[in-house]
file structure_38.txt (compact mmCIF, C-alpha atoms)
# COMPACT_ATOMS: atom_id res chain seq x y z
CA MET A 1 -94.54 -10.68 107.56
CA LYS A 2 -91.08 -9.19 106.90
CA ILE A 3 -88.12 -11.42 105.99
CA ALA A 4 -84.50 -10.26 106.10
CA ILE A 5 -82.09 -12.19 103.88
CA LEU A 6 -78.49 -11.32 104.70
CA GLY A 7 -76.40 -11.51 101.54
CA ALA A 8 -77.31 -11.39 97.84
CA GLY A 9 -75.07 -14.11 96.48
CA ILE A 10 -76.33 -17.24 94.77
CA SER A 11 -77.93 -18.63 97.95
CA GLY A 12 -79.71 -15.47 99.09
CA LEU A 13 -80.95 -14.64 95.59
CA SER A 14 -82.12 -18.19 94.92
CA LEU A 15 -84.01 -18.37 98.20
CA ALA A 16 -85.76 -15.07 97.48
CA ARG A 17 -86.71 -16.19 93.97
CA PHE A 18 -88.06 -19.54 95.15
CA LEU A 19 -90.11 -17.81 97.84
CA VAL A 20 -91.63 -15.45 95.29
CA GLU A 21 -92.24 -18.31 92.86
CA GLY A 22 -93.98 -20.09 95.76
CA GLY A 23 -96.40 -17.20 96.24
CA ILE A 24 -94.73 -14.95 98.83
CA ASP A 25 -95.38 -11.25 98.26
CA PRO A 26 -92.04 -9.79 97.05
CA THR A 27 -92.53 -6.75 99.27
CA ALA A 28 -92.07 -9.04 102.30
CA LEU A 29 -88.47 -9.70 101.26
CA HIS A 30 -85.53 -7.46 102.13
CA LEU A 31 -82.05 -8.51 100.99
CA PHE A 32 -79.01 -6.83 102.57
CA GLU A 33 -75.85 -6.80 100.44
CA ALA A 34 -72.60 -5.15 101.53
CA ALA A 35 -71.19 -4.97 97.98
CA PRO A 36 -72.39 -2.48 95.38
CA VAL A 37 -73.42 -5.40 93.12
CA ILE A 38 -75.17 -8.73 93.59
CA GLY A 39 -73.67 -12.15 92.91
CA GLY A 40 -71.23 -12.86 95.73
CA LEU A 41 -68.79 -15.61 94.76
CA CYS A 42 -70.48 -15.99 91.36
CA ARG A 43 -69.53 -12.51 90.14
CA SER A 44 -67.51 -11.95 86.98
CA LYS A 45 -65.36 -9.08 85.74
CA THR A 46 -64.65 -7.72 82.25
CA VAL A 47 -61.48 -5.80 81.41
CA ASP A 48 -60.82 -4.54 77.87
CA GLY A 49 -63.14 -7.17 76.44
CA PHE A 50 -61.73 -10.07 78.51
CA THR A 51 -64.12 -11.64 81.04
CA TYR A 52 -63.24 -13.88 83.97
CA ASP A 53 -64.88 -15.11 87.18
CA VAL A 54 -63.60 -13.47 90.35
CA ALA A 55 -63.77 -16.54 92.62
CA GLY A 56 -62.46 -19.38 90.49
CA GLY A 57 -63.49 -20.99 87.24
CA HIS A 58 -67.19 -21.78 87.60
CA ILE A 59 -69.07 -24.19 85.36
CA LEU A 60 -72.73 -25.14 85.25
CA PHE A 61 -73.47 -28.82 85.72
CA SER A 62 -75.70 -30.70 88.13
CA LYS A 63 -77.11 -34.12 88.79
CA ASP A 64 -80.32 -32.24 89.63
CA GLU A 65 -81.77 -31.42 86.20
CA PRO A 66 -84.52 -29.08 87.48
CA ALA A 67 -81.98 -27.02 89.42
CA MET A 68 -79.68 -26.78 86.41
CA GLN A 69 -82.57 -25.77 84.14
CA TRP A 70 -83.70 -23.18 86.68
CA MET A 71 -80.20 -21.65 86.62
CA LYS A 72 -80.22 -21.63 82.82
CA ASP A 73 -83.64 -20.01 82.74
CA CYS A 74 -82.46 -17.28 85.11
CA ALA A 75 -79.76 -16.34 82.58
CA GLY A 76 -81.96 -16.44 79.48
CA GLY A 77 -82.55 -20.13 78.81
CA ASP A 78 -80.69 -22.80 76.89
CA ASP A 79 -79.84 -20.50 73.98
CA ALA A 80 -77.85 -18.23 76.31
CA PHE A 81 -75.36 -21.02 77.09
CA VAL A 82 -72.49 -22.80 75.40
CA LYS A 83 -72.38 -26.57 75.81
CA ARG A 84 -68.88 -27.90 76.39
CA ASP A 85 -67.19 -31.30 76.64
CA ARG A 86 -64.89 -31.30 79.64
CA ASN A 87 -61.24 -31.79 78.76
CA THR A 88 -59.20 -31.58 81.93
CA LYS A 89 -55.52 -32.39 82.35
CA ILE A 90 -52.72 -32.33 84.87
CA ARG A 91 -49.48 -30.70 83.75
CA PHE A 92 -46.58 -32.97 84.67
CA GLY A 93 -43.30 -31.57 83.39
CA ASP A 94 -43.83 -31.28 79.65
CA ARG A 95 -46.62 -33.88 79.59
CA TRP A 96 -50.40 -33.71 79.72
CA VAL A 97 -51.74 -36.30 82.15
CA HIS A 98 -55.35 -37.39 81.99
CA TYR A 99 -57.57 -36.39 84.92
CA PRO A 100 -58.23 -37.85 87.49
CA PHE A 101 -54.56 -38.62 88.02
CA GLU A 102 -55.03 -42.30 88.81
CA ASN A 103 -56.88 -42.67 85.49
CA GLY A 104 -53.97 -41.06 83.64
CA ILE A 105 -50.83 -42.61 85.05
CA GLY A 106 -50.07 -44.21 81.69
CA ASP A 107 -49.28 -40.66 80.47
CA LEU A 108 -46.42 -40.32 82.98
CA PRO A 109 -42.71 -40.94 82.41
CA LYS A 110 -41.84 -44.60 82.95
CA GLN A 111 -40.35 -44.29 86.44
CA ALA A 112 -43.24 -42.15 87.73
CA ASN A 113 -45.69 -44.56 86.11
CA PHE A 114 -44.04 -47.47 87.93
CA ASP A 115 -43.94 -45.57 91.24
CA CYS A 116 -47.66 -44.83 90.99
CA ILE A 117 -48.91 -48.25 89.91
CA ALA A 118 -46.68 -50.10 92.41
CA GLY A 119 -47.82 -47.84 95.24
CA TYR A 120 -51.47 -48.03 94.23
CA VAL A 121 -51.51 -51.82 94.08
CA LYS A 122 -49.65 -52.10 97.40
CA ALA A 123 -52.07 -49.69 99.10
CA TRP A 124 -55.08 -51.51 97.62
CA HIS A 125 -53.73 -54.88 98.76
CA GLU A 126 -52.99 -53.65 102.29
CA ARG A 127 -56.44 -52.08 102.63
CA THR A 128 -58.15 -55.20 101.32
CA ALA A 129 -56.11 -57.66 103.37
CA SER A 130 -56.32 -55.77 106.65
CA GLY A 131 -59.80 -54.30 106.31
CA SER A 132 -58.37 -51.09 107.73
CA GLU A 133 -60.56 -48.05 108.14
CA ALA A 134 -59.75 -44.75 106.49
CA PRO A 135 -57.31 -42.64 108.53
CA GLY A 136 -58.76 -39.54 110.11
CA ASP A 137 -56.29 -37.05 108.66
CA PHE A 138 -56.12 -36.21 104.97
CA GLY A 139 -52.37 -36.64 104.61
CA SER A 140 -52.46 -40.21 105.89
CA TRP A 141 -55.64 -40.90 103.91
CA VAL A 142 -53.88 -39.97 100.65
CA HIS A 143 -51.20 -42.61 101.29
CA TRP A 144 -53.76 -45.17 102.52
CA ARG A 145 -56.00 -44.66 99.50
CA PHE A 146 -53.56 -43.99 96.62
CA GLY A 147 -50.17 -45.26 97.77
CA GLU A 148 -46.76 -43.63 97.94
CA GLY A 149 -46.30 -42.93 94.22
CA ILE A 150 -49.49 -40.99 93.57
CA ALA A 151 -49.05 -39.21 96.90
CA LYS A 152 -45.54 -38.12 95.97
CA HIS A 153 -46.13 -37.18 92.33
CA PHE A 154 -49.52 -35.48 92.58
CA MET A 155 -51.89 -35.69 95.53
CA THR A 156 -49.63 -34.31 98.27
CA PRO A 157 -48.00 -31.40 96.39
CA TYR A 158 -51.25 -30.42 94.71
CA ASN A 159 -53.30 -30.42 97.89
CA GLU A 160 -50.61 -28.58 99.84
CA LYS A 161 -50.89 -25.85 97.20
CA ILE A 162 -54.65 -25.60 97.76
CA TRP A 163 -54.92 -25.93 101.51
CA LYS A 164 -51.77 -24.02 102.52
CA ARG A 165 -51.40 -26.32 105.53
CA PRO A 166 -49.77 -29.64 106.30
CA LEU A 167 -52.33 -32.20 105.15
CA GLN A 168 -52.24 -33.90 108.55
CA GLN A 169 -54.06 -30.83 109.92
CA ILE A 170 -57.07 -31.54 107.68
CA THR A 171 -59.66 -34.23 108.30
CA SER A 172 -60.22 -36.88 105.65
CA GLY A 173 -64.00 -36.55 106.03
CA TRP A 174 -64.30 -33.84 103.37
CA VAL A 175 -63.20 -36.14 100.52
CA ALA A 176 -66.31 -38.34 100.56
CA GLY A 177 -67.98 -37.99 97.18
CA ARG A 178 -65.40 -35.46 95.95
CA VAL A 179 -62.23 -37.41 95.21
CA PRO A 180 -62.74 -40.00 92.47
CA ASP A 181 -62.55 -43.62 93.64
CA ALA A 182 -61.17 -45.49 90.65
CA PRO A 183 -61.41 -49.30 90.70
CA VAL A 184 -58.01 -50.96 90.79
CA GLU A 185 -58.77 -52.55 87.40
CA ASP A 186 -59.15 -49.09 85.86
CA VAL A 187 -55.85 -47.95 87.31
CA LEU A 188 -54.09 -51.04 85.92
CA ARG A 189 -55.62 -50.39 82.51
CA ALA A 190 -54.52 -46.76 82.66
CA ALA A 191 -50.98 -47.78 83.58
CA VAL A 192 -50.59 -49.79 80.37
CA GLY A 193 -52.20 -47.16 78.17
CA ILE A 194 -55.84 -48.27 78.07
CA ARG A 195 -57.84 -45.09 78.59
CA THR A 196 -60.25 -45.07 81.53
CA GLU A 197 -62.51 -42.27 82.73
CA GLY A 198 -63.35 -40.77 86.11
CA TYR A 199 -65.66 -37.97 87.22
CA THR A 200 -67.98 -38.70 84.31
CA HIS A 201 -70.80 -36.60 85.82
CA GLN A 202 -68.82 -33.52 84.76
CA SER A 203 -68.10 -34.77 81.25
CA ILE A 204 -70.46 -32.14 79.81
CA PHE A 205 -70.96 -28.68 81.27
CA TYR A 206 -72.55 -25.37 80.33
CA TYR A 207 -71.38 -21.78 80.51
CA PRO A 208 -73.06 -18.46 79.63
CA LYS A 209 -72.19 -17.14 76.17
CA ALA A 210 -71.46 -13.64 77.46
CA GLY A 211 -70.72 -11.95 80.76
CA GLY A 212 -68.97 -14.82 82.54
CA PHE A 213 -70.87 -16.82 85.15
CA GLN A 214 -72.53 -13.72 86.56
CA PRO A 215 -75.58 -13.71 84.21
CA ILE A 216 -76.99 -16.54 86.36
CA THR A 217 -77.04 -14.44 89.52
CA ASP A 218 -77.94 -11.28 87.59
CA GLY A 219 -80.92 -13.15 86.19
CA ALA A 220 -81.89 -14.57 89.56
CA GLY A 221 -81.88 -11.05 90.98
CA SER A 222 -83.47 -9.29 88.02
CA THR A 223 -86.98 -9.38 89.45
CA LEU A 224 -85.78 -8.60 92.97
CA MET A 225 -83.72 -5.45 92.53
CA GLY A 226 -86.34 -3.34 94.26
CA ARG A 227 -85.96 -5.60 97.29
CA ILE A 228 -82.15 -5.59 97.45
CA ARG A 229 -80.30 -3.00 99.50
CA LEU A 230 -76.89 -2.72 97.85
CA SER A 231 -73.87 -1.25 99.65
CA THR A 232 -75.67 -2.00 102.92
CA PRO A 233 -73.55 -4.13 105.24
CA VAL A 234 -75.29 -5.73 108.18
CA THR A 235 -73.91 -4.12 111.32
CA GLU A 236 -76.22 -5.60 113.96
CA VAL A 237 -78.72 -8.44 114.34
CA ARG A 238 -80.52 -8.45 117.66
CA LYS A 239 -83.30 -10.74 118.83
CA GLN A 240 -86.26 -8.86 120.30
CA GLY A 241 -88.92 -11.15 121.65
CA GLU A 242 -90.20 -13.22 118.73
CA SER A 243 -88.82 -10.79 116.14
CA PHE A 244 -85.39 -9.43 115.14
CA LEU A 245 -83.80 -6.06 114.66
CA VAL A 246 -81.49 -5.89 111.64
CA ASN A 247 -79.61 -2.58 111.59
CA GLY A 248 -82.35 -1.34 113.91
CA GLU A 249 -85.26 -2.37 111.64
CA GLU A 250 -87.75 -4.99 112.79
CA PHE A 251 -88.18 -8.30 110.94
CA ASP A 252 -90.16 -11.46 111.61
CA ARG A 253 -87.62 -13.84 110.12
CA VAL A 254 -83.85 -13.70 109.41
CA VAL A 255 -81.95 -15.93 106.97
CA SER A 256 -78.18 -15.40 106.98
CA THR A 257 -75.78 -16.30 104.19
CA LEU A 258 -72.98 -14.31 105.85
CA PRO A 259 -69.84 -16.29 106.76
CA LEU A 260 -70.26 -17.90 110.15
CA ASP A 261 -66.86 -16.61 111.28
CA LYS A 262 -68.08 -13.02 110.73
CA LEU A 263 -71.35 -13.32 112.66
CA PRO A 264 -69.85 -12.57 116.12
CA ASP A 265 -69.23 -9.06 114.78
CA VAL A 266 -72.92 -8.47 114.04
CA VAL A 267 -75.12 -10.81 116.11
CA ALA A 268 -75.79 -9.42 119.57
CA ASP A 269 -75.77 -11.38 122.84
CA MET A 270 -73.82 -14.35 121.47
CA PRO A 271 -72.38 -16.59 124.21
CA SER A 272 -68.59 -16.61 124.47
CA ASP A 273 -68.26 -20.30 123.62
CA VAL A 274 -70.32 -19.87 120.44
CA THR A 275 -68.32 -16.76 119.55
CA ALA A 276 -65.08 -18.71 119.94
CA ALA A 277 -66.42 -21.60 117.84
CA MET A 278 -67.43 -19.28 114.99
CA ARG A 279 -64.29 -17.15 115.00
CA THR A 280 -61.98 -20.16 114.80
CA LEU A 281 -63.63 -21.83 111.81
CA GLU A 282 -60.94 -22.10 109.15
CA TYR A 283 -61.04 -21.06 105.50
CA ASN A 284 -58.86 -19.96 102.60
CA GLY A 285 -59.25 -16.93 100.39
CA MET A 286 -58.43 -16.81 96.70
CA ILE A 287 -56.57 -14.65 94.23
CA CYS A 288 -57.76 -14.96 90.64
CA ILE A 289 -55.44 -13.58 87.98
CA LEU A 290 -56.65 -13.08 84.42
CA VAL A 291 -53.92 -13.47 81.81
CA ALA A 292 -54.99 -11.84 78.52
CA LEU A 293 -53.15 -13.31 75.56
CA ASP A 294 -52.39 -12.22 72.03
CA ARG A 295 -53.01 -15.76 70.85
CA ALA A 296 -55.72 -16.75 68.41
CA GLN A 297 -56.41 -20.24 69.72
CA HIS A 298 -55.86 -22.38 72.81
CA PRO A 299 -55.33 -26.13 73.02
CA ASN A 300 -58.69 -27.86 73.49
CA LEU A 301 -58.61 -27.73 77.28
CA SER A 302 -61.18 -26.74 79.90
CA TRP A 303 -58.99 -26.41 82.98
CA ILE A 304 -55.74 -27.91 84.19
CA TYR A 305 -53.99 -28.64 87.48
CA LEU A 306 -50.46 -27.52 88.35
CA PRO A 307 -49.19 -29.65 91.25
CA HIS A 308 -45.53 -28.67 91.34
CA ASP A 309 -43.67 -25.68 92.77
CA ASP A 310 -41.76 -24.87 89.58
CA GLN A 311 -45.13 -24.32 87.88
CA GLY A 312 -45.72 -21.28 90.09
CA PRO A 313 -48.19 -20.54 92.90
CA ALA A 314 -51.36 -21.35 90.94
CA ASN A 315 -52.91 -24.74 91.62
CA ARG A 316 -55.52 -24.56 88.84
CA VAL A 317 -55.71 -22.78 85.50
CA THR A 318 -58.96 -22.16 83.64
CA TYR A 319 -58.92 -21.70 79.87
CA MET A 320 -61.53 -18.94 80.12
CA SER A 321 -61.83 -18.21 76.41
CA ASN A 322 -62.47 -21.92 75.75
CA TYR A 323 -65.49 -21.77 78.07
CA SER A 324 -67.10 -19.24 75.78
CA PRO A 325 -65.79 -17.20 72.83
CA GLY A 326 -67.52 -14.23 74.48
CA ASN A 327 -64.87 -14.26 77.21
CA ALA A 328 -62.21 -12.73 74.95
CA PRO A 329 -62.12 -10.39 71.94
CA GLU A 330 -61.97 -12.00 68.52
CA GLY A 331 -58.51 -13.34 67.76
CA LYS A 332 -57.45 -13.27 71.44
CA THR A 333 -57.55 -15.83 74.25
CA SER A 334 -57.25 -15.88 78.03
CA LEU A 335 -56.19 -17.97 80.98
CA MET A 336 -57.14 -17.55 84.63
CA ALA A 337 -54.89 -18.58 87.51
CA GLU A 338 -56.31 -19.58 90.89
CA VAL A 339 -54.08 -19.06 93.91
CA THR A 340 -55.48 -19.91 97.34
CA TRP A 341 -54.44 -17.78 100.29
CA PRO A 342 -54.54 -18.52 104.05
CA MET A 343 -57.16 -16.77 106.18
CA HIS A 344 -56.18 -13.67 108.18
CA THR A 345 -53.14 -13.17 105.94
CA PRO A 346 -52.92 -9.99 103.84
CA PHE A 347 -53.06 -10.66 100.12
CA PRO A 348 -49.61 -10.31 98.50
CA GLY A 349 -48.47 -7.48 96.28
CA GLY A 350 -47.84 -7.33 92.55
CA SER A 351 -45.05 -9.90 92.56
CA MET A 352 -47.76 -12.59 92.56
CA GLU A 353 -48.53 -11.86 88.90
CA GLN A 354 -44.85 -12.19 88.03
CA ASP A 355 -44.64 -15.49 89.88
CA VAL A 356 -47.76 -16.83 88.13
CA LEU A 357 -46.44 -15.87 84.68
CA ALA A 358 -43.01 -17.37 85.42
CA GLY A 359 -44.71 -20.59 86.50
CA PHE A 360 -46.87 -20.65 83.38
CA LYS A 361 -43.77 -20.18 81.26
CA ASN A 362 -41.96 -23.03 83.08
CA ALA A 363 -45.00 -25.24 82.53
CA GLY A 364 -45.02 -24.45 78.82
CA LEU A 365 -48.43 -22.78 78.91
CA LEU A 366 -47.43 -19.49 77.27
CA GLU A 367 -44.62 -17.34 75.96
CA GLU A 368 -43.88 -13.97 77.48
CA ARG A 369 -44.44 -12.15 74.19
CA GLU A 370 -48.07 -13.36 74.11
CA VAL A 371 -49.08 -11.64 77.37
CA LEU A 372 -51.12 -8.48 76.83
CA PHE A 373 -51.90 -7.74 80.48
CA THR A 374 -53.00 -9.30 83.75
CA ASP A 375 -55.84 -8.41 86.09
CA ARG A 376 -56.41 -9.50 89.68
CA SER A 377 -59.50 -10.15 91.81
CA THR A 378 -59.55 -11.41 95.40
CA VAL A 379 -62.17 -12.98 97.64
CA SER A 380 -61.61 -13.40 101.36
CA HIS A 381 -63.64 -16.63 101.61
CA ALA A 382 -63.23 -19.25 98.89
CA TYR A 383 -62.59 -22.68 100.45
CA VAL A 384 -63.95 -24.15 103.67
CA VAL A 385 -61.05 -25.83 105.50
CA PHE A 386 -61.99 -29.08 107.24
CA ASP A 387 -59.58 -29.10 110.16
CA HIS A 388 -60.01 -31.64 112.95
CA ASP A 389 -62.19 -29.38 115.10
CA TYR A 390 -64.46 -28.38 112.21
CA ASP A 391 -67.48 -30.50 113.17
CA ARG A 392 -67.56 -29.37 116.80
CA ARG A 393 -67.23 -25.68 115.99
CA ARG A 394 -69.68 -25.78 113.09
CA ASN A 395 -72.29 -27.73 115.09
CA ALA A 396 -72.00 -25.27 117.97
CA ALA A 397 -72.45 -22.34 115.58
CA LEU A 398 -75.40 -23.75 113.66
CA GLY A 399 -77.12 -25.11 116.76
CA TRP A 400 -77.06 -21.76 118.52
CA LEU A 401 -78.24 -19.81 115.46
CA GLU A 402 -81.14 -22.16 114.83
CA ALA A 403 -82.12 -22.04 118.51
CA GLN A 404 -82.33 -18.24 118.18
CA GLY A 405 -84.51 -18.55 115.07
CA ILE A 406 -81.79 -17.33 112.68
CA THR A 407 -81.62 -19.64 109.67
CA PRO A 408 -78.11 -20.17 108.18
CA LEU A 409 -77.82 -20.81 104.45
CA GLY A 410 -75.09 -21.01 101.82
CA ARG A 411 -71.50 -22.16 101.33
CA PHE A 412 -70.10 -20.04 104.15
CA GLY A 413 -73.43 -19.36 105.83
CA ARG A 414 -73.35 -23.04 106.85
CA TYR A 415 -69.64 -23.73 106.17
CA GLU A 416 -70.36 -26.45 103.62
CA TYR A 417 -68.30 -27.21 100.52
CA ASP A 418 -71.15 -26.48 98.09
CA ASN A 419 -70.93 -25.71 94.39
CA SER A 420 -73.35 -23.18 92.90
CA ASP A 421 -75.92 -25.82 91.92
CA GLN A 422 -75.91 -27.23 95.45
CA CYS A 423 -76.50 -23.71 96.79
CA VAL A 424 -79.56 -23.49 94.54
CA ILE A 425 -80.78 -26.94 95.58
CA LYS A 426 -80.49 -26.14 99.28
CA SER A 427 -82.15 -22.75 98.80
CA ARG A 428 -85.02 -24.47 97.02
CA ALA A 429 -85.36 -26.94 99.90
CA LEU A 430 -85.33 -24.14 102.48
CA ALA A 431 -87.98 -22.22 100.54
CA ALA A 432 -90.19 -25.31 100.46
CA LYS A 433 -89.80 -25.61 104.24
CA LEU A 434 -90.52 -21.94 104.91
CA LEU A 435 -93.44 -21.43 102.54
CA PRO A 436 -96.15 -23.10 104.67
CA GLU A 437 -95.00 -21.23 107.75
CA LEU A 438 -94.81 -17.89 105.96
CA ALA A 439 -98.22 -18.42 104.38
CA ARG A 440 -99.69 -18.88 107.85
CA GLY A 441 -97.91 -15.77 109.05

call {"tool": "encode", "arguments": {"input": "structure_38.txt", "output": "structure tokens"}}
result
Amino acid sequence: MKIAILGAGISGLSLARFLVEGGIDPTALHLFEAAPVIGGLCRSKTVDGFTYDVAGGHILFSKDEPAMQWMKDCAGGDDAFVKRDRNTKIRFGDRWVHYPFENGIGDLPKQANFDCIAGYVKAWHERTASGSEAPGDFGSWVHWRFGEGIAKHFMTPYNEKIWKRPLQQITSGWVAGRVPDAPVEDVLRAAVGIRTEGYTHQSIFYYPKAGGFQPITDGAGSTLMGRIRLSTPVTEVRKQGESFLVNGEEFDRVVSTLPLDKLPDVVADMPSDVTAAMRTLEYNGMICILVALDRAQHPNLSWIYLPHDDQGPANRVTYMSNYSPGNAPEGKTSLMAEVTWPMHTPFPGGSMEQDVLAGFKNAGLLEEREVLFTDRSTVSHAYVVFDHDYDRRRNAALGWLEAQGITPLGRFGRYEYDNSDQCVIKSRALAAKLLPELARG
């Protein structure tokens, strides 16, 4: 039995580890990785002693305790991690607003506070009185759910920064379980200055002491390196009877974590309608910019949101050196800007760094004299975009692959908005499903 796993990011590595832990002979596994290193979207980079994550500010938390412990154990166990209390804010002018926004409207200037609470109560009343269903597009959903004030002051400008599209082009289905649903009583309390909390499942998180987030994937792959073919892009997958040819080599089983929109370039004999469905799936890339600072200490913040244009192109800023002191040299600190970028659009030139720094300065996050240097990393696939044709195209893609016997897995392998722990959980579930079959084989 020979198994080809396409991609050595968190999903491919986790699946391979779970299969080996379940008793599969490691020599049956063959992981193909186009990059010269493993890790995929969980990779980190160190420059002159400053470490940052190349695909956004990752943290380790999970409602699934065994999955979280497994990830810790991969990177050296509990002692290899820093435990942090989440302190997340929204920068609104010169104010820090508690996150989620509807739980922090008491921190706003008086007029914005009034706009938000009046709009929230009106929207709540109209929903309750009419029994209306959630609108199908995200832009309308924001107004239906939060009201005009919160839409105007935060939700619309912030989400337009992330998605790089009019919000009416995005379905509201993606928000289920992701956007906090504060009770109206909590919002009223927040408006008059009584602190309320949202997103409490993230109130504590963990982060590796050294090396950024990458020690988790490095650890997951540490016992598999003899099975991983680095710098080996997959150029062709062809079904041959009951088996498959991957780059001309025969395998009994193929699991793909490659982005669905890239598979028409490598999977042979794909019908034209499936090819069209895959190629038109929408996504955003990301530019991550490290800002190394000659500053001894940050405010006690984990990450912050920048909703407004005068704050620059970044929508989120991670206080990397607050995650772990190992992320910056002693006596120095660092920030990391996240800038999303539309698919099929070339990444911009060096002016992006200047724009980010100017925005940070306008937001009061730093002074120009503190900046030691910046460093940039880019990833082509960062966010799945849930446009209105997403379900049809994704279902067509997954249905055809599974009918061929190719198993899709991972954030972009299945086009699902999964965090790293969810990738591990789904890899564990797939391994449990495959193990009996592979044992028989």

call {"tool": "closest_residue", "arguments": {"input": "structure_38.txt", "among": "A:Arg127, A:His381, A:Lys83, A:Arg91", "to": "A:Leu108", "atoms": "all atoms listed in the file"}}
result
A:Arg91

call {"tool": "atom_distance", "arguments": {"input": "structure_38.txt", "atom1": "atom CA of A:Val47", "atom2": "atom CA of A:Gly326"}}
result
12.5 Å

call {"tool": "residues_around", "arguments": {"input": "structure_38.txt", "residues": "A:Val267", "least_positions_apart": "4", "cutoff": "12 Å", "atoms": "only C-alpha atoms", "output": "list in words"}}
result
Leu6, Val234, Thr235, Glu236, Val237, Arg238, Lys239, Phe244, Leu245, Val246, Asn247, Val254, Ser256, Leu258, Leu260, Asp261, Lys262, Leu263, Pro271, Val274, Thr275, Met278, Ala397, Trp400, Leu401, Gln404 and Ile406 of chain A

call {"tool": "residues_near_point", "arguments": {"input": "structure_38.txt", "point": "(-92.4, -26.3, 98.7)", "cutoff": "12 Å", "atoms": "all atoms listed in the file", "output": "PyMOL selection string"}}
result
chain A and resi 15+18-24+426-439

call {"tool": "closest_residue", "arguments": {"input": "structure_38.txt", "among": "A:Val379, A:Ala220, A:Ala123, A:Leu365", "to": "A:Asp73", "atoms": "all atoms listed in the file"}}
result
A:Ala220

call {"tool": "atom_distance", "arguments": {"input": "structure_38.txt", "atom1": "atom CA of A:Gly57", "atom2": "atom CA of A:Met336"}}
result
7.7 Å

call {"tool": "residues_near_point", "arguments": {"input": "structure_38.txt", "point": "(-56.0, -13.3, 85.5)", "cutoff": "10 Å", "atoms": "all atoms listed in the file", "output": "PyMOL selection string"}}
result
chain A and resi 50-54+287-292+317-318+320+334-338+353+356-357+373-377

call {"tool": "atom_distance", "arguments": {"input": "structure_38.txt", "atom1": "atom CA of A:Ala35", "atom2": "atom CA of A:Leu230"}}
result
6.1 Å

call {"tool": "residues_around", "arguments": {"input": "structure_38.txt", "residues": "stretch 153-166 of chain A", "least_positions_apart": "2", "cutoff": "7 Å", "atoms": "only C-alpha atoms", "output": "tab-separated table (two decimals) with C-alpha atoms, in the coordinates of the input"}}
result
chain	number	residue	atom	x	y	z
A	142	VAL	CA	-53.88	-39.97	100.65
A	149	GLY	CA	-46.30	-42.93	94.22
A	150	ILE	CA	-49.49	-40.99	93.57
A	151	ALA	CA	-49.05	-39.21	96.90
A	168	GLN	CA	-52.24	-33.90	108.55
A	169	GLN	CA	-54.06	-30.83	109.92
A	307	PRO	CA	-49.19	-29.65	91.25
A	308	HIS	CA	-45.53	-28.67	91.34
A	315	ASN	CA	-52.91	-24.74	91.62
A	340	THR	CA	-55.48	-19.91	97.34
A	342	PRO	CA	-54.54	-18.52	104.05

call {"tool": "closest_residue", "arguments": {"input": "structure_38.txt", "among": "A:Val175, A:Val255, A:Ala314, A:Ala134", "to": "A:Tyr417", "atoms": "only C-alpha atoms"}}
result
A:Val175

call {"tool": "closest_residue", "arguments": {"input": "structure_38.txt", "among": "A:Thr27, A:Ser380, A:Asn300, A:Asn395", "to": "A:Pro408", "atoms": "only C-alpha atoms"}}
result
A:Asn395

call {"tool": "axis_aligned_box", "arguments": {"input": "structure_38.txt", "around": "stretch 256-267 of chain A", "padding_each_side": "4 Å", "output": "lines of an AutoDock Vina configuration file"}}
result
center_x = -72.5
center_y = -13.2
center_z = 110.2
size_x = 19.3
size_y = 17.4
size_z = 19.9

call {"tool": "decode", "arguments": {"input": "structure_38.txt", "residues": "stretch 283-291 of chain A", "atoms": "N, CA and C atoms", "output": "PDB file, in the first residue's frame"}}
result
ATOM      1  N   TYR A 283     -10.705  33.621  -3.431  1.00  0.00           N
ATOM      2  CA  TYR A 283      -9.851  33.642  -2.244  1.00  0.00           C
ATOM      3  C   TYR A 283      -9.106  34.968  -2.200  1.00  0.00           C
ATOM      4  N   ASN A 284      -8.503  35.263  -1.076  1.00  0.00           N
ATOM      5  CA  ASN A 284      -7.601  36.400  -0.932  1.00  0.00           C
ATOM      6  C   ASN A 284      -6.243  35.908  -0.482  1.00  0.00           C
ATOM      7  N   GLY A 285      -5.207  36.562  -0.963  1.00  0.00           N
ATOM      8  CA  GLY A 285      -3.868  36.340  -0.440  1.00  0.00           C
ATOM      9  C   GLY A 285      -3.596  37.274   0.730  1.00  0.00           C
ATOM     10  N   MET A 286      -2.358  37.235   1.221  1.00  0.00           N
ATOM     11  CA  MET A 286      -2.009  38.074   2.367  1.00  0.00           C
ATOM     12  C   MET A 286      -0.558  38.528   2.290  1.00  0.00           C
ATOM     13  N   ILE A 287      -0.356  39.767   2.687  1.00  0.00           N
ATOM     14  CA  ILE A 287       0.973  40.322   2.893  1.00  0.00           C
ATOM     15  C   ILE A 287       1.145  40.507   4.388  1.00  0.00           C
ATOM     16  N   CYS A 288       2.183  39.909   4.960  1.00  0.00           N
ATOM     17  CA  CYS A 288       2.504  40.128   6.365  1.00  0.00           C
ATOM     18  C   CYS A 288       3.782  40.953   6.443  1.00  0.00           C
ATOM     19  N   ILE A 289       3.730  42.027   7.183  1.00  0.00           N
ATOM     20  CA  ILE A 289       4.871  42.928   7.299  1.00  0.00           C
ATOM     21  C   ILE A 289       5.299  43.010   8.759  1.00  0.00           C
ATOM     22  N   LEU A 290       6.491  42.513   9.038  1.00  0.00           N
ATOM     23  CA  LEU A 290       7.096  42.653  10.361  1.00  0.00           C
ATOM     24  C   LEU A 290       7.616  44.073  10.521  1.00  0.00           C
ATOM     25  N   VAL A 291       7.328  44.682  11.651  1.00  0.00           N
ATOM     26  CA  VAL A 291       7.884  45.987  11.997  1.00  0.00           C
ATOM     27  C   VAL A 291       8.709  45.795  13.270  1.00  0.00           C
TER      28      VAL A 291
END
